[in-house]
>>> print(open('model-v1.txt').read())   # compact mmCIF, C-alpha atoms and all ligand atoms
# COMPACT_ATOMS: atom_id res chain seq x y z
CA LYS A 1 154.31 64.56 156.54
CA LEU A 2 156.77 62.78 154.24
CA ASP A 3 156.89 65.77 151.92
CA LEU A 4 160.23 67.59 151.71
CA ALA A 5 159.18 70.55 149.56
CA GLY A 6 161.17 73.67 150.42
CA LYS A 7 163.92 71.68 152.14
CA THR A 8 167.58 71.59 151.12
CA ALA A 9 169.71 68.47 151.34
CA LEU A 10 173.35 67.49 151.03
CA VAL A 11 174.16 63.84 150.26
CA THR A 12 177.80 62.82 150.37
CA GLY A 13 178.84 60.09 147.95
CA GLY A 14 175.67 60.58 145.96
CA SER A 15 176.89 59.51 142.54
CA ARG A 16 176.31 55.77 142.91
CA GLY A 17 174.78 53.10 145.14
CA ILE A 18 172.93 53.98 148.34
CA GLY A 19 173.82 57.69 148.16
CA ALA A 20 172.47 58.00 144.62
CA ALA A 21 169.19 56.34 145.65
CA CYS A 22 168.92 58.75 148.61
CA ALA A 23 169.58 61.80 146.43
CA ARG A 24 166.98 60.63 143.91
CA LEU A 25 164.25 59.99 146.51
CA LEU A 26 164.87 63.17 148.52
CA ALA A 27 164.56 65.14 145.27
CA GLU A 28 161.41 63.20 144.34
CA ARG A 29 159.90 64.18 147.72
CA GLY A 30 160.63 67.85 146.92
CA ALA A 31 164.04 68.68 148.44
CA ALA A 32 166.69 70.61 146.50
CA VAL A 33 169.67 68.25 146.56
CA ALA A 34 173.43 68.77 146.41
CA LEU A 35 175.29 65.51 145.94
CA THR A 36 179.02 64.93 146.17
CA TYR A 37 181.34 62.41 144.55
CA SER A 38 185.09 61.83 144.58
CA LYS A 39 185.84 60.23 141.19
CA SER A 40 182.74 59.44 139.17
CA ALA A 41 181.71 62.70 137.51
CA GLU A 42 179.77 60.90 134.80
CA PRO A 43 177.27 58.97 136.96
CA ALA A 44 176.90 62.05 139.16
CA ASP A 45 176.02 64.20 136.15
CA SER A 46 173.61 61.67 134.71
CA LEU A 47 171.81 61.36 138.06
CA VAL A 48 171.54 65.15 138.27
CA ASN A 49 170.10 65.21 134.73
CA ALA A 50 167.58 62.49 135.61
CA ILE A 51 166.45 64.50 138.66
CA LEU A 52 166.20 67.71 136.62
CA ASN A 53 164.24 65.92 133.88
CA ALA A 54 161.80 64.66 136.51
CA GLY A 55 161.20 68.27 137.60
CA GLY A 56 163.47 68.22 140.67
CA THR A 57 166.41 70.38 141.73
CA ALA A 58 169.90 68.91 142.03
CA PHE A 59 173.54 69.55 141.33
CA ALA A 60 176.77 67.62 141.81
CA LEU A 61 180.06 68.65 143.37
CA ASN A 62 183.45 66.97 143.40
CA VAL A 63 184.29 66.83 147.14
CA ASP A 64 186.62 64.20 148.59
CA ALA A 65 185.05 63.39 151.97
CA GLY A 66 188.45 62.18 153.14
CA ASP A 67 190.13 65.56 152.77
CA ALA A 68 189.11 67.96 155.56
CA LYS A 69 190.11 71.10 153.64
CA THR A 70 188.18 70.11 150.53
CA VAL A 71 185.22 69.23 152.72
CA LYS A 72 184.95 72.66 154.33
CA ALA A 73 185.11 74.51 151.02
CA GLY A 74 182.84 71.94 149.35
CA VAL A 75 180.12 72.21 151.98
CA ARG A 76 180.21 76.00 151.80
CA ASN A 77 179.94 75.85 148.01
CA ALA A 78 177.02 73.40 148.19
CA VAL A 79 175.15 75.52 150.73
CA ASP A 80 175.68 78.69 148.68
CA GLN A 81 174.19 76.97 145.65
CA LEU A 82 171.29 75.69 147.78
CA GLY A 83 170.41 79.25 148.77
CA GLY A 84 172.35 79.64 152.02
CA ALA A 85 170.86 77.11 154.45
CA LEU A 86 170.73 73.36 154.97
CA ASP A 87 167.91 71.19 156.37
CA ILE A 88 169.10 67.64 155.67
CA LEU A 89 172.56 66.06 155.67
CA VAL A 90 173.08 62.45 154.62
CA ASN A 91 176.61 61.31 155.48
CA ASN A 92 176.86 58.39 153.08
CA ALA A 93 180.32 58.50 151.47
CA GLY A 94 182.28 55.50 152.64
CA LEU A 95 184.47 52.60 151.64
CA ALA A 96 185.29 49.14 152.96
CA GLU A 97 188.73 47.58 152.65
CA HIS A 98 189.26 44.31 154.41
CA GLY A 99 192.35 42.67 155.93
CA ALA A 100 193.15 41.26 159.35
CA ILE A 101 195.21 43.16 161.91
CA GLY A 102 198.85 42.75 160.84
CA VAL A 103 197.79 42.32 157.22
CA LEU A 104 195.78 45.45 156.39
CA SER A 105 198.08 48.20 155.13
CA ASP A 106 198.50 51.49 156.99
CA GLN A 107 197.29 53.31 153.87
CA SER A 108 194.09 51.30 153.85
CA LEU A 109 193.53 51.93 157.55
CA ASP A 110 194.13 55.67 157.15
CA ARG A 111 191.88 55.96 154.10
CA GLN A 112 188.95 54.30 155.88
CA ILE A 113 189.44 56.51 158.94
CA ASP A 114 189.76 59.60 156.74
CA VAL A 115 186.60 58.96 154.72
CA ASN A 116 184.29 56.91 156.98
CA LEU A 117 185.11 58.64 160.27
CA ARG A 118 186.85 62.01 159.82
CA GLY A 119 184.81 62.69 156.67
CA VAL A 120 181.55 62.32 158.61
CA TRP A 121 182.86 64.52 161.43
CA HIS A 122 184.22 67.33 159.23
CA THR A 123 181.27 67.34 156.83
CA THR A 124 178.86 67.64 159.75
CA ALA A 125 180.90 70.34 161.49
CA ALA A 126 181.03 72.37 158.27
CA ALA A 127 177.33 71.80 157.57
CA LEU A 128 176.27 72.92 161.05
CA ASP A 129 177.45 76.45 160.31
CA HIS A 130 174.52 76.61 157.88
CA PHE A 131 171.97 74.27 159.45
CA ARG A 132 168.44 75.41 160.14
CA ASP A 133 166.88 74.48 163.49
CA GLY A 134 164.71 71.38 163.15
CA GLY A 135 167.11 69.86 160.62
CA ARG A 136 168.01 66.23 160.06
CA ILE A 137 171.38 64.49 160.09
CA ILE A 138 171.35 60.92 158.83
CA ASN A 139 174.59 58.97 159.08
CA ILE A 140 174.93 55.84 156.99
CA GLY A 141 176.53 53.35 159.34
CA SER A 142 176.35 49.64 158.69
CA PHE A 143 175.48 46.37 160.40
CA PHE A 144 179.22 46.71 161.17
CA SER A 145 178.16 49.55 163.52
CA GLU A 146 176.70 46.78 165.71
CA ARG A 147 178.89 43.71 165.15
CA VAL A 148 181.98 42.57 163.26
CA PRO A 149 180.52 39.28 162.02
CA TYR A 150 183.50 37.87 160.16
CA PRO A 151 187.31 38.13 160.28
CA GLY A 152 189.34 40.74 158.42
CA ALA A 153 186.94 43.62 158.92
CA SER A 154 188.14 45.25 162.14
CA ALA A 155 189.19 48.55 160.52
CA TYR A 156 185.92 49.00 158.66
CA GLY A 157 184.01 47.87 161.75
CA MET A 158 185.92 50.36 163.90
CA THR A 159 184.99 53.25 161.60
CA LYS A 160 181.33 52.21 161.47
CA HIS A 161 181.17 51.81 165.27
CA ALA A 162 182.54 55.35 165.40
CA VAL A 163 179.69 56.54 163.18
CA ALA A 164 177.22 55.12 165.72
CA GLY A 165 179.11 56.85 168.54
CA MET A 166 179.11 60.21 166.77
CA THR A 167 175.39 59.80 166.09
CA ARG A 168 174.55 59.30 169.76
CA GLY A 169 176.76 62.19 170.90
CA TRP A 170 175.46 64.64 168.31
CA ALA A 171 171.85 63.70 169.08
CA ARG A 172 172.52 65.14 172.55
CA ASP A 173 174.62 68.09 171.31
CA LEU A 174 171.99 69.26 168.83
CA ALA A 175 168.74 68.39 170.58
CA SER A 176 168.23 71.94 171.87
CA ARG A 177 167.94 73.02 168.23
CA GLN A 178 165.48 70.21 167.44
CA ILE A 179 168.04 68.80 165.00
CA THR A 180 167.72 65.01 164.97
CA VAL A 181 170.67 62.72 164.33
CA ASN A 182 170.25 59.07 163.43
CA CYS A 183 172.36 56.19 162.17
CA VAL A 184 170.95 54.03 159.37
CA GLU A 185 172.60 50.62 159.42
CA PRO A 186 172.26 48.72 156.14
CA GLY A 187 172.91 45.02 155.83
CA PRO A 188 174.08 43.70 152.46
CA ILE A 189 172.82 46.12 149.81
CA GLU A 190 173.38 45.48 146.11
CA THR A 191 175.81 48.15 144.90
CA ASP A 192 179.15 48.36 143.07
CA ALA A 193 180.79 47.95 146.49
CA ASN A 194 178.80 44.81 147.28
CA PRO A 195 177.62 43.11 144.06
CA ASP A 196 175.08 40.31 144.23
CA GLU A 197 177.21 37.76 142.37
CA GLY A 198 179.49 34.80 143.04
CA ALA A 199 180.15 32.56 146.04
CA ARG A 200 180.53 35.43 148.49
CA ALA A 201 177.08 36.74 147.60
CA ALA A 202 175.60 33.25 148.03
CA ALA A 203 177.10 33.04 151.53
CA ILE A 204 175.78 36.49 152.39
CA LYS A 205 172.26 35.62 151.22
CA ALA A 206 172.35 32.41 153.26
CA ALA A 207 172.98 34.54 156.36
CA VAL A 208 170.03 36.88 155.68
CA PRO A 209 166.64 35.58 156.89
CA LEU A 210 164.87 37.34 154.01
CA GLY A 211 167.25 35.48 151.68
CA ARG A 212 168.28 38.34 149.43
CA TYR A 213 170.31 41.52 149.15
CA GLY A 214 168.58 44.79 149.93
CA GLN A 215 168.25 47.44 147.26
CA PRO A 216 169.59 51.00 147.55
CA ALA A 217 166.05 52.30 147.03
CA GLU A 218 164.90 50.42 150.15
CA VAL A 219 167.55 52.18 152.25
CA ALA A 220 166.57 55.48 150.66
CA GLU A 221 162.96 55.01 151.86
CA LEU A 222 164.20 54.85 155.46
CA VAL A 223 166.48 57.84 154.98
CA ALA A 224 163.69 59.92 153.43
CA PHE A 225 161.38 58.99 156.30
CA LEU A 226 163.98 60.05 158.88
CA ALA A 227 164.43 63.30 156.92
CA SER A 228 160.72 64.07 157.11
CA ALA A 229 158.50 65.80 159.67
CA ALA A 230 157.01 62.37 160.50
CA ALA A 231 160.27 61.35 162.21
CA ALA A 232 160.59 64.38 164.53
CA TYR A 233 160.78 62.30 167.75
CA ILE A 234 163.44 59.87 166.51
CA THR A 235 166.96 60.91 167.46
CA GLY A 236 170.12 59.15 168.58
CA ALA A 237 168.78 55.91 167.11
CA GLN A 238 170.63 53.14 165.31
CA ILE A 239 168.25 51.58 162.84
CA LEU A 240 169.15 48.31 161.14
CA ILE A 241 167.84 47.66 157.63
CA ASP A 242 169.39 44.26 157.07
CA GLY A 243 166.77 41.71 156.08
CA GLY A 244 167.01 40.30 159.60
CA MET A 245 170.72 39.48 159.36
CA LEU A 246 171.50 40.46 162.95
CA ALA A 247 168.19 39.31 164.40
P1 LIG A 301 179.46 52.44 146.50
O1 LIG A 301 180.92 52.12 146.44
O2 LIG A 301 178.52 51.73 145.58
O3 LIG A 301 179.26 54.01 146.31
C1 LIG A 301 180.01 54.86 147.12
C2 LIG A 301 179.64 56.28 146.84
O4 LIG A 301 180.41 57.08 147.74
C3 LIG A 301 179.99 56.71 145.45
O5 LIG A 301 179.09 57.69 145.04
C4 LIG A 301 181.40 57.29 145.64
O6 LIG A 301 181.75 58.32 144.74
C5 LIG A 301 181.25 57.92 147.00
N1 LIG A 301 182.53 58.10 147.65
C6 LIG A 301 183.43 57.14 147.99
N2 LIG A 301 184.50 57.71 148.57
C7 LIG A 301 184.25 59.05 148.58
C8 LIG A 301 184.95 60.18 149.04
N3 LIG A 301 186.16 60.07 149.58
N4 LIG A 301 184.39 61.39 148.89
C9 LIG A 301 183.18 61.54 148.32
N5 LIG A 301 182.46 60.51 147.87
C10 LIG A 301 182.98 59.29 148.00
O7 LIG A 301 179.04 52.21 148.03
P2 LIG A 301 177.63 51.85 148.70
O8 LIG A 301 176.55 52.60 148.06
O9 LIG A 301 177.55 50.37 148.79
O10 LIG A 301 177.89 52.38 150.18
C11 LIG A 301 177.45 53.65 150.61
C12 LIG A 301 177.55 53.70 152.12
O11 LIG A 301 176.78 52.65 152.68
C13 LIG A 301 178.97 53.53 152.67
O12 LIG A 301 179.14 54.37 153.78
C14 LIG A 301 179.00 52.07 153.08
O13 LIG A 301 179.94 51.84 154.10
C15 LIG A 301 177.57 51.90 153.56
N6 LIG A 301 177.12 50.51 153.57
C16 LIG A 301 177.00 49.78 152.41
C17 LIG A 301 176.58 48.48 152.47
C18 LIG A 301 176.42 47.64 151.24
O14 LIG A 301 176.23 46.43 151.39
N7 LIG A 301 176.47 48.17 150.03
C19 LIG A 301 176.26 47.83 153.75
C20 LIG A 301 176.39 48.69 154.89
C21 LIG A 301 176.81 49.98 154.79
P3 LIG A 301 182.54 58.05 143.37
O15 LIG A 301 181.45 57.59 142.46
O16 LIG A 301 183.12 59.33 142.99
O17 LIG A 301 183.53 56.98 143.63
>>> encode(input="model-v1.txt", output="structure tokens", more="lines below")
Ligand code: NDP
Amino acid sequence: KLDLAGKTALVTGGSRGIGAACARLLAERGAAVALTYSKSAEPADSLVNAILNAGGTAFALNVDAGDAKTVKAGVRNAVDQLGGALDILVNNAGLAEHGAIGVLSDQSLDRQIDVNLRGVWHTTAAALDHFRDGGRIINIGSFFSERVPYPGASAYGMTKHAVAGMTRGWARDLASRQITVNCVEPGPIETDANPDEGARAAAIKAAVPLGRYGQPAEVAELVAFLASAAAAYITGAQILIDGGMLA
């Protein structure tokens, strides 16, 4: 039931971090995977090569999730290369830039809205033109989809709350097609965006009951489960994977 053979998947922001781990595991379970990146062609290509060497199917595309026009063309291109239809969409591309209200720049606000919020909306709208019934949409939210647990993170928190809102609305919009939509909400996960080093990391770990950062591969396990036939009755859910941080 966890097998994804014959399925096609699009993972946004799949060159590094959580997205890369998702792309790798979906391919390992048998899906043909298109992954996007905005800047890092090299890690994207080396991940694709690793998947191909392991006998999987994958390719990488340069698609800025924050640019609606690029997104439409990019999704169409990805779907064409995947054979014309899509079963799984993982909306992972995202960024966090902190600063209190009155301090955070307008550019930073706009960029987070463009990528984390509009990017998820436009990617999904473009993907739905090609989605097979019974498909899976998995939005990578955050524990910031539930709470804003420290100052200076209202813009990021706003965008991640929006991801949860879109998830719940789309679960209703797409239920008649048996397409499930869920929001995976990671706690601190060790990536380039959130390295496990220094005083900040020590404070984060002190706030996590399990006492450590999560790994991208652990998030990927949840994503791959939600993408599988085993998860057919889960939709509209927000699922924390945070080591107990918000317990
Ligand atoms: P990373 O910064 O490590 O990786 C981000 C990935 O997204 C890269 O592949 C990057 O591509 C890609 N990306 C960034 N902007 C764009 C864009 N405009 N268009 C296309 N791709 C883009 O981040 P994480 O892996 O840590 O985070 C992934 C997701 O998980 C984000 O949505 C984040 O908000 C969420 N998250 C992360 C947590 C954490 O602790 N790490 C906690 C909770 C949520 P490129 O290589 O080209 O830059």
>>> residues_around(input="model-v1.txt", residues="Thr8 (chain A)", least_positions_apart="4", cutoff="10 Å", atoms="all atoms listed in the file", output="list of chain:residue names")
A:Leu4, A:Leu26, A:Ala27, A:Gly30, A:Ala31, A:Ala32, A:Val33, A:Ala34, A:Thr57, A:Ala58, A:Val79, A:Leu82, A:Gly83, A:Gly84, A:Ala85, A:Leu86, A:Asp87, A:Ile88, A:Leu89, A:Phe131, A:Arg132, A:Gly135
>>> write_last_selection(input="model-v1.txt", atoms="C-alpha atoms", output="mmCIF file, in the frame of the given file")
data_model
loop_
_atom_site.group_PDB
_atom_site.id
_atom_site.type_symbol
_atom_site.label_atom_id
_atom_site.label_comp_id
_atom_site.auth_asym_id
_atom_site.auth_seq_id
_atom_site.Cartn_x
_atom_site.Cartn_y
_atom_site.Cartn_z
ATOM 1 C CA LEU A 4 160.230 67.590 151.710
ATOM 2 C CA LEU A 26 164.870 63.170 148.520
ATOM 3 C CA ALA A 27 164.560 65.140 145.270
ATOM 4 C CA GLY A 30 160.630 67.850 146.920
ATOM 5 C CA ALA A 31 164.040 68.680 148.440
ATOM 6 C CA ALA A 32 166.690 70.610 146.500
ATOM 7 C CA VAL A 33 169.670 68.250 146.560
ATOM 8 C CA ALA A 34 173.430 68.770 146.410
ATOM 9 C CA THR A 57 166.410 70.380 141.730
ATOM 10 C CA ALA A 58 169.900 68.910 142.030
ATOM 11 C CA VAL A 79 175.150 75.520 150.730
ATOM 12 C CA LEU A 82 171.290 75.690 147.780
ATOM 13 C CA GLY A 83 170.410 79.250 148.770
ATOM 14 C CA GLY A 84 172.350 79.640 152.020
ATOM 15 C CA ALA A 85 170.860 77.110 154.450
ATOM 16 C CA LEU A 86 170.730 73.360 154.970
ATOM 17 C CA ASP A 87 167.910 71.190 156.370
ATOM 18 C CA ILE A 88 169.100 67.640 155.670
ATOM 19 C CA LEU A 89 172.560 66.060 155.670
ATOM 20 C CA PHE A 131 171.970 74.270 159.450
ATOM 21 C CA ARG A 132 168.440 75.410 160.140
ATOM 22 C CA GLY A 135 167.110 69.860 160.620
#
>>> residues_near_point(input="model-v1.txt", point="(172.1, 64.7, 147.8)", cutoff="7 Å", atoms="all atoms listed in the file", output="list of chain:residue names")
A:Ala9, A:Leu10, A:Val11, A:Thr12, A:Gly14, A:Cys22, A:Ala23, A:Val33, A:Ala34, A:Leu35
>>> residues_near_ligand(input="model-v1.txt", ligand="ligand LIG 301 (chain A)", cutoff="6 Å", atoms="all atoms listed in the file", output="ChimeraX atom specification")
/A:12-19,36-40,63-66,92-95,115,140-142,186-194
>>> atom_distance(input="model-v1.txt", atom1="CA of Leu240 (chain A)", atom2="CA of Glu146 (chain A)")
9.0 Å
>>> residues_around(input="model-v1.txt", residues="Ala96 (chain A)", least_positions_apart="2", cutoff="7 Å", atoms="only C-alpha atoms", output="ChimeraX atom specification")
/A:98,112,156
>>> atom_distance(input="model-v1.txt", atom1="CA of Lys205 (chain A)", atom2="CA of Asn116 (chain A)")
25.1 Å
>>> atom_distance(input="model-v1.txt", atom1="CA of Arg29 (chain A)", atom2="CA of Asp3 (chain A)")
5.4 Å
>>> closest_residue(input="model-v1.txt", among="A:Ala127, A:Met245, A:Ala153, A:Ile239", to="Ile204 (chain A)", atoms="all atoms listed in the file")
A:Met245
>>> closest_residue(input="model-v1.txt", among="A:Gly243, A:Phe59, A:Ala73, A:Val219", to="Leu25 (chain A)", atoms="all atoms listed in the file")
A:Val219
>>> closest_residue(input="model-v1.txt", among="A:Pro195, A:Pro149, A:Gly74, A:Gly236", to="Arg168 (chain A)", atoms="only C-alpha atoms")
A:Gly236
>>> residues_around(input="model-v1.txt", residues="Asp67 (chain A)", least_positions_apart="6", cutoff="9 Å", atoms="only C-alpha atoms", output="count of residues only")
5
>>> closest_residue(input="model-v1.txt", among="A:Asp133, A:Asp80, A:Glu97, A:Glu218", to="Thr180 (chain A)", atoms="only C-alpha atoms")
A:Asp133
>>> closest_residue(input="model-v1.txt", among="A:Gly169, A:Asn91, A:Asn49, A:Ile241", to="Gln215 (chain A)", atoms="all atoms listed in the file")
A:Ile241
>>> residues_around(input="model-v1.txt", residues="Ala21 (chain A)", least_positions_apart="4", cutoff="6 Å", atoms="all atoms listed in the file", output="JSON, numbers by chain")
{"A": [216, 217, 220]}
>>> closest_residue(input="model-v1.txt", among="A:Ala224, A:Val148, A:Ala232, A:Val103", to="Ala175 (chain A)", atoms="all atoms listed in the file")
A:Ala232
